[in-house]
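Let me begin by presenting the structure, written as C-alpha cells, before commenting on it.
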Amino acid sequence: MHGPSPAKLLYHFHIVGQDFTIAGEVSSKIRRILQQIGASPDTIRRISVATYEAEMNVVIHADEADVTLEADAGIIRITIADHGPGIPDVEKAKQPGFSTASEEIREMGFGAGMGLPNILRCADDVSIDTVVGEGTRITMEFLNSPEA
Amino acid sequence: MAERTNTFHAVRLIQDECKGCVNCIKHCPTEAIRVRGGKAEILELRCIDCGECIRVCPNHAKTAVTDSMEMLKDFRVRIALPAPALYGQFEEKITPQDVLDGLIDIGFDDVFEVALAADLITVQVRRELEKSGVVRPLISSSCPAVVRLIQVRFPNLIDNIVPVVAPVRLAALLARKEAARRFKVAEDEVGIFFLSPCPAKVAAIREPVGFHSRATDGVIPISEVFGLLGKAIRRNRRSNRPRVRPRASPLGIGWARAGGENQAVALGRQISVDGVHNVIKVFEDIERGKLSNVDYVEALACVGGCVGGVLAVENPFIARRRIRMLTEPSPGEKSGNRQSPESMVDSLDDSLFRHEEPIQPRPAMALSDDMEEAIQRMERMEAILETLPGLDCGSCGAPTCQAMAEDIVRGLGVETDCVFVLRERLQELAQELGELSSKLPPAMKRSESHEQDELERMLGWSGRAPRK
C-alpha cells in the first residue's frame, strides 16, 4: 500500500494513556519539526488537527502508544500504534458523533465522536488496523508540499 | 522562496549597556535573539516587536525606537491620539477630561481618542461575528505583536484574524480628515501623533501590516509625555476650563485592559488571553481545532493588556484597576458623544475599516528554503542535539540546546560554542596530553622498577639476587 521509497526523517514518540496534562505534546513536537522542514501552512494545519485527534484517542481509550513520524520531501507518514481496547466497529467509529468515551471523559470536554472523522477529513490517506482487546494502529499519510 | 522581511523593527539594542547575559534570549517568544561577541543580536526575520526583551533586560539595554515631542514642530496642526491605556496612568481623581485637556496644554491642537475609534471597531467586530459561515474562532487584530506572531509562527491562523483594522489605524484616518476640516488646512499639514504604551505599535505604524499606506506621522511613548502631561493636568485642574470634549464611551476606554475588548463586543463565546506565552498556547490549540467552539479570541501580548505595555509608566495592575473603574459609568452620567457608535459606523465608508492588502505569512522557522536541504539539516541537527547536554543554559548565546543545534546547521555556530562540549573536548585533550607527556624517548625515560629489573636481567647485570 505504501510507496517503496523510504522516508528520510524518522522520529519516535511515546504517548501515555489517561494523562490529560501532557496530552497534545506529541502533536506540538511534530508541528515544530514540520515548520523546520518548511512544510506548507496548510499541510501543518491538517497534520496538527489529525495528530492531535489521534493523540487524544490514545489518551482517552488506551494505555500507551508509539508514534512514528516519517517524512521526506514527498510524503509525511504518521503511525500511531496503541495498546488499547481496539475498535470493534471501525465503520461506526468513522461516523461523526459516534463515541464510546465514558461519561466522565465527556464531562471533561472530550470524546465528542469527532476523532476519526477529523482524521479522515485531514489526512490524504488513512489506514486503520485494529484488533479488539489488543490495540489499534492508525497510519496517516499527507502529501508534503513546500511553503506556498 | 524569497522571505518577506519587515525591515523596520522598533525594538533595538543599546550596545554599550548590554552585558551579554541570557535574560532576553530566554524570554523571547520567537527565539529571535542570540548573544554574539558578548552582545545580544536580534534576528530581524523573527522579531515581532513585542517588547518582552525590553521588559526583562536587567541592564536596560533594550529600547524602542520612537518619535519625540520635538517632531510636533514639523506640522502646522498637531493632533494627539491618546491610547486608552493613557487614562490609566494617573491617580483616580484625574478624569479622561483632565487628560485630554492636558494634551492641549503640552502642545497639541486637538485630540482624537483611540478609545472612540475602539467604539466604532467594536460595532464592526460585532457585525463580523454575526455573519454566518465565517472562520471560528476569529482573532482580534488590535494587538500588533499578536498579528506579527501569527505571521511568523502561526501562518495558518492568518484567516482567523478578524477583517477589521485596529482602533489606532481608524483613529488616525478619521482624525486627519476632522483636523483638516476644522483647522482649514491640507491633510498633509496635519501631524497625527499616537501616544503609545507599546513598541509593536511603533513598528505597526511605520511599516503597517495589511496596508500600503501609513496613517500616523509619529509615535510618542506614554513614558515620554507622562511627566509633562502630569504637570499640565495638575496645573490645569485649578483653572477648570474644559477645552476638549471627550467622546469615547467607557467601554471604548476599557480596551486598555485585557478583557475590555470582549466586554465591549459582548457577543458569542469569547475568550481573552494576555501575555505572549499564553497567547502561543491558545494559538496552538486553535490550530489543532480544539477551540472551534469559541467565537472570538481577544489576544494581547502584554500581561494585563495594553496597560502592561513596556512604554507605559504606571504599574499595570494599578492601571488596570483604574481602567476598570472608568469602564463602570457612574449613575446618571452620559457619554459625551452625541451620535451612537452604530450610526457613526454607518455614516463612514466601509473601506476605512478594512485592511488594504492581505496580511502575509512570514514563516521564519524553516531550516532552509529548500525542503530536501531542510530535511538533511534536520537529520544533522538531531545528531548534534544528541551530543549537547540539554540544560538549555543559554551560555552558547542561543536560548536552548535545540536552538543552538539549529544555528549550527544553519552555519551560525559550532559545537564547541557549548561550554560543556568544549569542556569535554578539553578533558579529552588534557588526558591525551598527559598520556603523551609520559611517553618520553627511551633514552630519557626513568623506567618503572619492574622494567628496570627486566632490563638488568637482559643486560646480565650481576651482584643482585633475582627477585622471586
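Identifiers for the C-alpha cells are assigned positionally: chains receive A, B, ... in sequence, residues are indexed from 1 per chain, and ligands are indexed from 1 in the order shown.
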**Report entry** Selection: 10 Å around Pro41 of chain A, only C-alpha atoms, excl. self and same-chain fewer than 5 positions, as a count of residues only
**Finding:** 15
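Within 10 Å of Arg377 of chain B, once only C-alpha atoms are used and residues closer than 3 positions along the same chain are dropped, the contacting residues are Gln36 and Ile37 of chain A; Leu367, Ser368, Met371, Glu372, Glu373, Ala374, Arg380, Met381, Glu382, Ala383, Ala405, Glu406, Ile408, Val409 and Arg410 of chain B.
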| DSSP-assigned alpha helix (DSSP H) members of segment 7-148 of chain A, reported as a ChimeraX atom specification | /A:25-36,41-61,90-93,103-107,115-122
note - atom CA of Leu173 of chain B and atom CA of Lys73 of chain B are separated by 20.7 Å
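Comparing A:Thr21, A:Ser99, A:Thr68, A:Asn144 by their smallest distance to chain B, the closest is A:Asn144 (using only C-alpha atoms).
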Find the residues near segment 227-234 of chain B: any atom within 12 Å, counting only C-alpha atoms, skip ones fewer than 6 places away on the same chain, and give them as a CSV table (one decimal) with all heavy atoms, in the first residue's frame.
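Generated file (part_23.csv):
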chain,number,residue,atom,x,y,z
B,69,MET,N,8.5,64.5,21.2
B,69,MET,CA,7.7,65.7,21.1
B,69,MET,C,8.3,66.8,20.2
B,69,MET,O,7.5,67.6,19.7
B,69,MET,CB,7.5,66.3,22.5
B,69,MET,CG,6.7,65.4,23.5
B,69,MET,SD,4.9,65.3,23.0
B,69,MET,CE,4.3,66.9,23.5
B,82,PRO,N,-4.5,59.7,21.9
B,82,PRO,CA,-4.2,59.0,23.2
B,82,PRO,C,-4.6,57.6,23.1
B,82,PRO,O,-5.8,57.3,22.9
B,82,PRO,CB,-4.9,59.8,24.2
B,82,PRO,CG,-6.0,60.5,23.5
B,82,PRO,CD,-5.6,60.7,22.1
B,86,LEU,N,-3.6,55.4,28.3
B,86,LEU,CA,-3.1,56.7,28.9
B,86,LEU,C,-4.0,57.1,30.1
B,86,LEU,O,-3.4,57.6,31.1
B,86,LEU,CB,-3.1,57.8,27.8
B,86,LEU,CG,-2.5,59.1,28.2
B,86,LEU,CD1,-1.0,59.0,28.5
B,86,LEU,CD2,-2.8,60.2,27.2
B,87,TYR,N,-5.3,56.8,30.0
B,87,TYR,CA,-6.2,57.2,31.1
B,87,TYR,C,-5.9,56.5,32.4
B,87,TYR,O,-6.3,57.0,33.5
B,87,TYR,CB,-7.6,57.0,30.7
B,87,TYR,CG,-8.1,57.5,29.4
B,87,TYR,CD1,-8.3,56.7,28.3
B,87,TYR,CD2,-8.3,58.9,29.3
B,87,TYR,CE1,-8.7,57.2,27.1
B,87,TYR,CE2,-8.7,59.4,28.0
B,87,TYR,CZ,-8.9,58.6,27.0
B,87,TYR,OH,-9.3,59.1,25.8
B,89,GLN,N,-2.9,55.9,33.6
B,89,GLN,CA,-1.6,56.2,34.1
B,89,GLN,C,-1.6,57.2,35.3
B,89,GLN,O,-0.6,57.4,36.0
B,89,GLN,CB,-0.7,56.8,33.0
B,89,GLN,CG,-0.6,56.0,31.8
B,89,GLN,CD,0.1,54.6,32.1
B,89,GLN,OE1,1.2,54.6,32.7
B,89,GLN,NE2,-0.6,53.5,31.8
B,90,PHE,N,-2.7,57.9,35.6
B,90,PHE,CA,-2.7,58.9,36.6
B,90,PHE,C,-3.6,58.5,37.7
B,90,PHE,O,-4.4,57.5,37.6
B,90,PHE,CB,-3.2,60.2,36.0
B,90,PHE,CG,-2.3,60.6,34.8
B,90,PHE,CD1,-2.7,60.3,33.5
B,90,PHE,CD2,-1.1,61.2,35.0
B,90,PHE,CE1,-1.9,60.7,32.4
B,90,PHE,CE2,-0.3,61.6,33.9
B,90,PHE,CZ,-0.7,61.3,32.6
B,91,GLU,N,-3.5,59.3,38.8
B,91,GLU,CA,-4.3,58.9,40.0
B,91,GLU,C,-5.8,59.0,39.7
B,91,GLU,O,-6.2,59.6,38.8
B,91,GLU,CB,-3.9,59.7,41.2
B,91,GLU,CG,-4.0,61.2,41.1
B,91,GLU,CD,-2.7,61.9,40.6
B,91,GLU,OE1,-1.9,61.2,39.9
B,91,GLU,OE2,-2.4,63.0,41.0
B,93,LYS,N,-8.4,60.6,40.8
B,93,LYS,CA,-9.3,61.8,40.7
B,93,LYS,C,-9.1,62.4,39.3
B,93,LYS,O,-9.9,63.3,38.9
B,93,LYS,CB,-9.0,62.7,41.8
B,93,LYS,CG,-7.5,63.2,41.9
B,93,LYS,CD,-7.4,64.3,43.0
B,93,LYS,CE,-6.1,65.1,42.9
B,93,LYS,NZ,-4.9,64.4,43.4
B,94,ILE,N,-8.1,62.0,38.6
B,94,ILE,CA,-7.9,62.6,37.3
B,94,ILE,C,-8.8,61.9,36.2
B,94,ILE,O,-8.7,60.7,36.0
B,94,ILE,CB,-6.4,62.6,36.9
B,94,ILE,CG1,-5.6,63.5,37.8
B,94,ILE,CG2,-6.2,62.9,35.4
B,94,ILE,CD1,-4.1,63.5,37.6
B,95,THR,N,-9.6,62.7,35.6
B,95,THR,CA,-10.6,62.1,34.7
B,95,THR,C,-10.1,62.1,33.3
B,95,THR,O,-9.2,62.9,33.0
B,95,THR,CB,-11.9,63.0,34.7
B,95,THR,OG1,-11.6,64.3,34.3
B,95,THR,CG2,-12.5,63.1,36.2
B,96,PRO,N,-10.8,61.4,32.4
B,96,PRO,CA,-10.4,61.5,31.0
B,96,PRO,C,-10.4,62.9,30.5
B,96,PRO,O,-9.6,63.3,29.7
B,96,PRO,CB,-11.5,60.6,30.3
B,96,PRO,CG,-11.9,59.6,31.3
B,96,PRO,CD,-11.8,60.3,32.6
B,97,GLN,N,-11.4,63.7,31.0
B,97,GLN,CA,-11.5,65.1,30.6
B,97,GLN,C,-10.2,65.8,30.9
B,97,GLN,O,-9.6,66.6,30.1
B,97,GLN,CB,-12.6,65.8,31.3
B,97,GLN,CG,-12.7,67.3,31.1
B,97,GLN,CD,-13.3,67.7,29.8
B,97,GLN,OE1,-14.5,67.3,29.5
B,97,GLN,NE2,-12.5,68.3,28.9
B,98,ASP,N,-9.6,65.6,32.1
B,98,ASP,CA,-8.4,66.2,32.6
B,98,ASP,C,-7.2,65.8,31.6
B,98,ASP,O,-6.4,66.6,31.3
B,98,ASP,CB,-8.0,65.8,34.0
B,98,ASP,CG,-9.1,66.3,35.0
B,98,ASP,OD1,-9.7,67.4,34.8
B,98,ASP,OD2,-9.2,65.6,36.0
B,99,VAL,N,-7.2,64.5,31.3
B,99,VAL,CA,-6.1,64.0,30.5
B,99,VAL,C,-6.1,64.7,29.1
B,99,VAL,O,-5.1,65.2,28.6
B,99,VAL,CB,-6.2,62.5,30.3
B,99,VAL,CG1,-5.1,62.0,29.4
B,99,VAL,CG2,-6.0,61.8,31.7
B,100,LEU,N,-7.3,64.8,28.5
B,100,LEU,CA,-7.4,65.4,27.2
B,100,LEU,C,-7.1,66.8,27.2
B,100,LEU,O,-6.4,67.3,26.3
B,100,LEU,CB,-8.8,65.1,26.6
B,100,LEU,CG,-9.3,63.7,26.5
B,100,LEU,CD1,-10.6,63.6,25.7
B,100,LEU,CD2,-8.2,62.8,25.8
B,101,ASP,N,-7.5,67.6,28.2
B,101,ASP,CA,-7.2,69.0,28.3
B,101,ASP,C,-5.7,69.2,28.5
B,101,ASP,O,-5.1,70.1,27.9
B,101,ASP,CB,-7.9,69.6,29.5
B,101,ASP,CG,-9.4,69.9,29.2
B,101,ASP,OD1,-9.8,69.9,28.0
B,101,ASP,OD2,-10.2,70.0,30.2
B,102,GLY,N,-5.1,68.3,29.2
B,102,GLY,CA,-3.7,68.3,29.5
B,102,GLY,C,-2.9,68.2,28.1
B,102,GLY,O,-1.8,68.8,27.9
B,103,LEU,N,-3.4,67.4,27.2
B,103,LEU,CA,-2.7,67.2,26.0
B,103,LEU,C,-2.7,68.5,25.2
B,103,LEU,O,-1.7,68.8,24.5
B,103,LEU,CB,-3.4,66.1,25.2
B,103,LEU,CG,-3.2,64.6,25.7
B,103,LEU,CD1,-4.1,63.6,25.0
B,103,LEU,CD2,-1.8,64.2,25.6
B,104,ILE,N,-3.7,69.3,25.3
B,104,ILE,CA,-3.7,70.6,24.6
B,104,ILE,C,-2.7,71.5,25.2
B,104,ILE,O,-1.9,72.2,24.5
B,104,ILE,CB,-5.1,71.3,24.7
B,104,ILE,CG1,-6.2,70.3,24.2
B,104,ILE,CG2,-5.1,72.6,24.1
B,104,ILE,CD1,-6.2,70.1,22.7
B,105,ASP,N,-2.6,71.4,26.5
B,105,ASP,CA,-1.6,72.2,27.2
B,105,ASP,C,-0.1,71.9,26.9
B,105,ASP,O,0.7,72.8,26.9
B,105,ASP,CB,-1.7,72.1,28.8
B,105,ASP,CG,-3.0,72.8,29.3
B,105,ASP,OD1,-3.4,73.7,28.6
B,105,ASP,OD2,-3.5,72.4,30.3
B,106,ILE,N,0.1,70.6,26.5
B,106,ILE,CA,1.5,70.3,26.2
B,106,ILE,C,1.9,70.5,24.8
B,106,ILE,O,3.0,70.1,24.3
B,106,ILE,CB,1.9,68.9,26.7
B,106,ILE,CG1,1.2,67.8,26.0
B,106,ILE,CG2,1.7,68.8,28.3
B,106,ILE,CD1,1.7,66.4,26.3
B,107,GLY,N,0.9,71.0,24.0
B,107,GLY,CA,1.3,71.4,22.6
B,107,GLY,C,0.5,70.8,21.5
B,107,GLY,O,0.8,71.1,20.3
B,108,PHE,N,-0.5,70.0,21.8
B,108,PHE,CA,-1.4,69.6,20.7
B,108,PHE,C,-2.5,70.5,20.4
B,108,PHE,O,-3.0,71.2,21.3
B,108,PHE,CB,-1.9,68.2,21.0
B,108,PHE,CG,-0.8,67.1,21.1
B,108,PHE,CD1,-0.3,66.7,22.3
B,108,PHE,CD2,-0.4,66.5,19.9
B,108,PHE,CE1,0.7,65.7,22.3
B,108,PHE,CE2,0.6,65.6,19.9
B,108,PHE,CZ,1.2,65.2,21.2
B,195,LEU,N,0.0,58.3,21.1
B,195,LEU,CA,0.7,58.2,22.4
B,195,LEU,C,0.6,56.8,22.8
B,195,LEU,O,-0.5,56.3,23.2
B,195,LEU,CB,0.1,59.2,23.4
B,195,LEU,CG,0.0,60.6,22.9
B,195,LEU,CD1,-0.7,61.5,23.9
B,195,LEU,CD2,1.4,61.2,22.6
B,221,PRO,N,6.1,57.7,23.0
B,221,PRO,CA,5.8,56.8,24.1
B,221,PRO,C,5.1,57.5,25.2
B,221,PRO,O,5.4,58.7,25.5
B,221,PRO,CB,7.2,56.4,24.6
B,221,PRO,CG,8.2,56.9,23.7
B,221,PRO,CD,7.5,57.9,22.8
B,240,ASN,N,-9.8,74.7,35.7
B,240,ASN,CA,-11.0,74.0,35.5
B,240,ASN,C,-11.8,74.5,34.2
B,240,ASN,O,-13.0,74.8,34.3
B,240,ASN,CB,-11.9,74.2,36.7
B,240,ASN,CG,-12.9,73.1,36.8
B,240,ASN,OD1,-12.8,72.1,36.1
B,240,ASN,ND2,-13.9,73.2,37.7
B,241,ARG,N,-11.1,74.7,33.1
B,241,ARG,CA,-11.8,75.2,31.9
B,241,ARG,C,-11.6,74.1,30.8
B,241,ARG,O,-10.6,74.0,30.2
B,241,ARG,CB,-11.2,76.5,31.5
B,241,ARG,CG,-11.8,77.2,30.4
B,241,ARG,CD,-11.2,78.6,30.2
B,241,ARG,NE,-9.8,78.6,30.2
B,241,ARG,CZ,-9.0,78.5,29.0
B,241,ARG,NH1,-9.7,78.4,27.9
B,241,ARG,NH2,-7.7,78.4,29.1
B,242,PRO,N,-12.7,73.3,30.6
B,242,PRO,CA,-12.5,72.2,29.6
B,242,PRO,C,-12.4,72.7,28.2
B,242,PRO,O,-13.0,73.7,27.8
B,242,PRO,CB,-13.9,71.4,29.8
B,242,PRO,CG,-14.8,72.3,30.4
B,242,PRO,CD,-14.0,73.3,31.2
B,312,ALA,N,4.5,52.1,28.9
B,312,ALA,CA,3.6,52.7,29.9
B,312,ALA,C,4.4,52.9,31.2
B,312,ALA,O,5.5,52.3,31.3
B,312,ALA,CB,2.4,51.8,30.2
B,313,VAL,N,3.9,53.7,32.1
B,313,VAL,CA,4.6,54.1,33.3
B,313,VAL,C,4.1,53.4,34.5
B,313,VAL,O,4.8,52.8,35.3
B,313,VAL,CB,4.7,55.6,33.5
B,313,VAL,CG1,5.4,56.0,34.8
B,313,VAL,CG2,5.3,56.3,32.3
B,314,GLU,N,2.8,53.6,34.7
B,314,GLU,CA,2.1,53.1,36.0
B,314,GLU,C,2.2,51.6,36.0
B,314,GLU,O,2.1,50.9,35.0
B,314,GLU,CB,0.7,53.6,36.0
B,314,GLU,CG,-0.1,53.2,37.3
B,314,GLU,CD,0.5,53.6,38.6
B,314,GLU,OE1,1.5,52.9,39.0
B,314,GLU,OE2,0.1,54.6,39.2
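For the choices A:Val58, A:Ile44, A:Leu143, A:Leu69, the atom-to-atom distance to Phe110 of chain A is smallest for A:Val58 when using only C-alpha atoms.
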key: Residues of chain A within 12 Å of chain B, only C-alpha atoms counted, as a ChimeraX atom specification   = /A:7-11,23-56,70-76,109-110,112,114-115,118-119,122,144-148
One residue among A:Ile60, A:Phe98, A:Gly17, A:Val126 is nearest to Arg77 of chain A when using only C-alpha atoms, and that residue is A:Val126
Restricting to only C-alpha atoms, whichever of A:Lys92, A:Gly97, A:Gly84, A:Glu107 is closest to Val132 of chain A is A:Gly84
